[in-house]
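Novice: This is the structure I have questions about; it appears just below.
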Amino acid sequence: MSNNLYIAATGPRSGKTVITLGVMELLLRKMNKVGFFRPIVQDSEGVDKDITLISSYFDLKIPVSQMYGFTTEEATELASRGKQGEVIEGIINKYNQLKEKCEFIVCEGTDSISASASFEFDINAEISKNLSSSVLLVASGQKTTVDETVQSVETALASLKRRKGICLGVIITRTDPMSGKEIIKRISEAHADEGLLLYAIPEDTSLRRPTIIEIVKELDGTVLWGKNHLNRHVHNFNVAAMQLRNLLPRIEHGDLIITPGDRADVIVACLASVSSTSRKNIAGLLLTGGLVPCESIAELINGFPDVPPVVSVQDNTFPAATKVNNIQAGISPFDKRKITKILATFEKHVNTKKLAQKVITTKTTIKTPKMFELELIQRARENRQHIVLPEGEEERILRAAEILMRREVVDITLLGNKDKIYKKIKYLGLRLDSVNLIDPPKSEFFDEYIQSYYALREHKGITPEYAHDMMKAVNEYATMMVFAGHADGMVSGSVNSTAATIRPALQILSTKPDCSIVSSVMFMCLEDRVLVYGDCAINPDPNADQLAEIAISSAQTAVVFGVDPVVAMLSYSTGASGSGTDVDKVRQAAEIARKKSEKSFPGLKIEGPIQYDAAVDASVAKTKLPQSEVAGAATVFIFPDLNTGNNTYKAVQRSSGAVAVGPVLQGLRYPVNDLSRGCTVTDIVNTVAITAIQAQSQKGVKYDD
């Protein structure tokens, strides 16, 4: 089931607010908690007319500050400093906070934050991708030719396609009946096999009518009488510059009469006509020039039983009429008549049942690198774990620790010489006031850890003196903290070798009962999805049993991190098409993995041997392995050896621009992860968050020795 929809327009004044109202209405018939979100709003204080409209009319009971990501001013300022990534990250963070409170979120795209309509849509396409949202496209047919409207839709669809986004349908608004049919016909023919829902909603001139209150705000007017009727719609305006005998026959229902404030004859006659059954009812009076009726006329007006709005403005008659003519009518949450008309028009021209079904059931599988990284942080924060970082004197570790603690992702313990760490923190200007620092030889648990380590390794012939020396080493001490329950996980490797990280973990923590080896996976964050590669860091040449174990462990790790596991065990041959020692090893491993998964992971889909192209590309899969449930749909890729795995992940990373997160170790009883010595601060933050999530998933698991 889907949990969001992104409504995006191909250009300005598209009528997407009308579509948003209709979509919100149909979704609220089916769900209790539907939220509304705008990634970027124009008002510098976050007061957005569409948020106000949707929130008020549907009584969402969500604070306005939670319904948008940035103001245009904030987003532009960040982008001008080259921090576009922070804009996307901030939008995702705000969206995710709202998502926790809602069953479904309707997102409405930006409003003219750029000069180019196509560039504007590119922004919305990028945001929708990062929110993993399908898109409902809205285009206006007003004041454009059929060719121009179709071209704007095609440009938007191409932008979505480049980002591998999903478009549910296209709604053309503000059309005339003939052009609307032609536009729909041409789009339908061009995208016949894509299942797009296509609708055209004709122009309704009544929706363009401003209310008196909108005119008051636009002209900075003062309401003299009729404050209870400010939501009246102005159908037309009439400048009263002629004598009454010529003016009165020209007054139509809903006219706004514009006249200088000293024209007592026009004012009295127009107000009198309101009470007459033989005259059309006006919307109100606009008095220009800053002039107001004299005292005697005001007294007369006060005697009328039901006075329409009478508004005074400073502008002279012609400028005032020009401003009224140029007002772009909005939709007020209190304008029940207009909203009712909008919803009725929407339901008349859109198959709401079909649209609702598609909106609710279409779920995108898009997961961008930024989404994956932010999900790691968010999940780690939900149940804070205590992670020990033994390389506490390293600058990158300290910078990462500050980020993690400021964002309240985990609790941190740093190991090392306290004086050196304090000096480096001060030198770098970091805020790590509450971080826990331990110098292992001076720790209150030092002797206890020596005894525990000696007891664990005595059968290997070590001496108490050797155990004493080992506990001075930060990796050994950190691992013992995890073993003793004084920390939930450990991350090391920024200055130490992989062996220095894994060896104490194997000696002290050992592997899980169902695992004979420690292996690893890389999370490969492509433009639109996350794949799992294993093993790319630990085992040089696993045998068939070990390869099967790596497959099961990798699938389990995928589940922990929100990736639906579909396992492809890779080789240079697909199915029964080839033979050889290496292919036979993979074939045997796949069979072993299937049998093991029947107990430990029922329902797990495994295919092998299979080539990478057949595993990842649906069109290739149809040719090479058409009956397979895995071919073309794999998410977990198991490489036959370290040489293949390590080179493949680096080739994909460098060639496609994918973000590689890891390696993530698996198979240990408690989470320990190894960093690359070339790691960045971001790498460290991600790895700590991963370790915390592993710790969350393993809490409460009991192992029988």
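The way I read the labels, and the way they are meant: chains A, B, ... in the order of the structure tokens, residue 1 as the first residue of every chain, and ligand 1 as the first ligand shown, with later ones counted on from there.
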Which polymer residues have any atom within 9 Å of an atom of A:Ser65, counting only C-alpha atoms, with same-chain residues fewer than 3 positions away left out, as a PyMOL selection string?
Specialist: chain A and resi 46-47+62+68-69
Novice: Excluding A:His386 and its own-chain neighbours fewer than 6 positions away, which residues fall within 7 Å of it when counting only C-alpha atoms? Please give them as an NGL selection string.
Specialist: :A and (410-412 or 487-489)
Novice: Please extract the residues of stretch 442-625 of chain A with a backbone DSSP assignment of alpha helix (DSSP H) and present them as an NGL selection string.
Specialist: :A and (446-457 or 464-470 or 474-484 or 498-504 or 544-560 or 581-600 or 612-616 or 618-624)
Novice: Just want the 8 Å neighbourhood of stretch 301-309 of chain A, counted on only C-alpha atoms, with same-chain residues fewer than 6 positions away dropped. Output as a list of chain:residue names.
Specialist: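 Everything that qualifies: A:Ile212, A:Val223, A:Leu224, A:Trp225, A:Gly226, A:Lys227, A:Asn228, A:His229, A:Leu230, A:Val268, A:Leu271, A:Val274, A:Ile282, A:Ala283, A:Gly284, A:Leu285.
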Novice: Can you tell me, as a ChimeraX atom specification, which residues in stretch 238-425 of chain A count as strand (DSSP E or B) by DSSP?
Specialist: /A:238-239,255-260,284-288,310-312,386-389,411-415
Novice: Residues near A:Leu526, anyone? I mean within 8 Å using only C-alpha atoms, not counting same-chain ones fewer than 5 positions away, as number ranges by chain.
Specialist: A: 368-369, 531, 656-659
Novice: Quick one: everything within 9 Å of A:Ala467, counting only C-alpha atoms, minus sequence neighbours fewer than 6 positions away in the same chain. Send it as a PyMOL selection string.
Specialist: chain A and resi 449-454+457
Novice: Counting only C-alpha atoms, what is within 9 Å of A:Gln314, bar same-chain residues fewer than 6 positions away, as an mmCIF file with C-alpha atoms, in the first residue's frame?
Specialist:
data_model
loop_
_atom_site.group_PDB
_atom_site.id
_atom_site.type_symbol
_atom_site.label_atom_id
_atom_site.label_comp_id
_atom_site.auth_asym_id
_atom_site.auth_seq_id
_atom_site.Cartn_x
_atom_site.Cartn_y
_atom_site.Cartn_z
ATOM 1 C CA LEU A 219 -5.965 47.367 -2.237
ATOM 2 C CA ASP A 220 -5.341 47.830 1.487
ATOM 3 C CA GLY A 221 -8.938 48.970 1.862
ATOM 4 C CA LEU A 287 -15.161 53.988 -2.858
ATOM 5 C CA THR A 288 -12.012 55.512 -4.357
ATOM 6 C CA GLY A 289 -9.794 58.534 -3.757
ATOM 7 C CA GLY A 290 -9.726 58.067 0.012
ATOM 8 C CA LEU A 291 -13.102 59.804 0.182
ATOM 9 C CA ALA A 320 -8.266 50.957 -8.335
#
Novice: Would you compute the distance between atom CA of A:Gln588 and atom CA of A:Leu570? Give it in Å to one decimal.
Specialist: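 Spanning atom CA of A:Gln588 to atom CA of A:Leu570 is a straight-line distance of 12.1 Å.
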Novice: List the neighbours of stretch 473-479 of chain A out to 8 Å using only C-alpha atoms; skip same-chain residues closer than 6 positions along the sequence, and give me the result as a PyMOL selection string.
Specialist: chain A and resi 388-391+415-416+440+449+490+492+500-501+504-505+508-509
Novice: For the selection just defined, write its residues with N, CA and C atoms to a file, as an mmCIF file, in the first residue's frame.
Specialist:
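Printed below is part31.cif as written:
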data_model
loop_
_atom_site.group_PDB
_atom_site.id
_atom_site.type_symbol
_atom_site.label_atom_id
_atom_site.label_comp_id
_atom_site.auth_asym_id
_atom_site.auth_seq_id
_atom_site.Cartn_x
_atom_site.Cartn_y
_atom_site.Cartn_z
ATOM 1 N N VAL A 388 30.908 2.375 21.352
ATOM 2 C CA VAL A 388 32.267 2.742 21.754
ATOM 3 C C VAL A 388 33.130 2.916 20.511
ATOM 4 N N LEU A 389 33.877 4.017 20.499
ATOM 5 C CA LEU A 389 34.795 4.324 19.398
ATOM 6 C C LEU A 389 36.210 4.313 19.966
ATOM 7 N N PRO A 390 36.963 3.248 19.736
ATOM 8 C CA PRO A 390 38.278 3.126 20.373
ATOM 9 C C PRO A 390 39.327 4.101 19.845
ATOM 10 N N GLU A 391 39.115 4.673 18.659
ATOM 11 C CA GLU A 391 40.114 5.576 18.072
ATOM 12 C C GLU A 391 39.773 7.029 18.419
ATOM 13 N N LEU A 415 37.741 6.147 23.464
ATOM 14 C CA LEU A 415 38.892 5.597 24.175
ATOM 15 C C LEU A 415 40.162 6.325 23.757
ATOM 16 N N GLY A 416 41.090 6.431 24.706
ATOM 17 C CA GLY A 416 42.374 7.055 24.406
ATOM 18 C C GLY A 416 42.872 7.865 25.586
ATOM 19 N N PRO A 440 41.907 3.340 28.884
ATOM 20 C CA PRO A 440 41.773 1.951 29.350
ATOM 21 C C PRO A 440 42.576 1.585 30.600
ATOM 22 N N TYR A 449 38.219 -6.633 33.250
ATOM 23 C CA TYR A 449 38.328 -7.037 31.859
ATOM 24 C C TYR A 449 39.524 -7.965 31.646
ATOM 25 N N MET A 490 30.627 -1.590 18.678
ATOM 26 C CA MET A 490 31.928 -0.939 18.513
ATOM 27 C C MET A 490 32.163 -0.639 17.043
ATOM 28 N N SER A 492 35.491 0.700 14.605
ATOM 29 C CA SER A 492 36.914 1.021 14.567
ATOM 30 C C SER A 492 37.414 0.866 13.137
ATOM 31 N N ALA A 500 42.965 -5.753 12.870
ATOM 32 C CA ALA A 500 43.023 -5.258 14.252
ATOM 33 C C ALA A 500 41.630 -5.054 14.830
ATOM 34 N N THR A 501 40.642 -4.850 13.960
ATOM 35 C CA THR A 501 39.260 -4.683 14.418
ATOM 36 C C THR A 501 38.563 -6.025 14.587
ATOM 37 N N PRO A 504 40.036 -9.203 17.630
ATOM 38 C CA PRO A 504 39.507 -9.264 19.002
ATOM 39 C C PRO A 504 38.017 -9.589 19.044
ATOM 40 N N ALA A 505 37.284 -9.174 18.000
ATOM 41 C CA ALA A 505 35.857 -9.496 17.966
ATOM 42 C C ALA A 505 35.646 -10.999 17.881
ATOM 43 N N ILE A 508 36.862 -12.593 21.335
ATOM 44 C CA ILE A 508 36.093 -12.277 22.544
ATOM 45 C C ILE A 508 34.593 -12.510 22.344
ATOM 46 N N LEU A 509 34.073 -12.021 21.253
ATOM 47 C CA LEU A 509 32.628 -12.098 21.044
ATOM 48 C C LEU A 509 32.203 -13.384 20.356
#
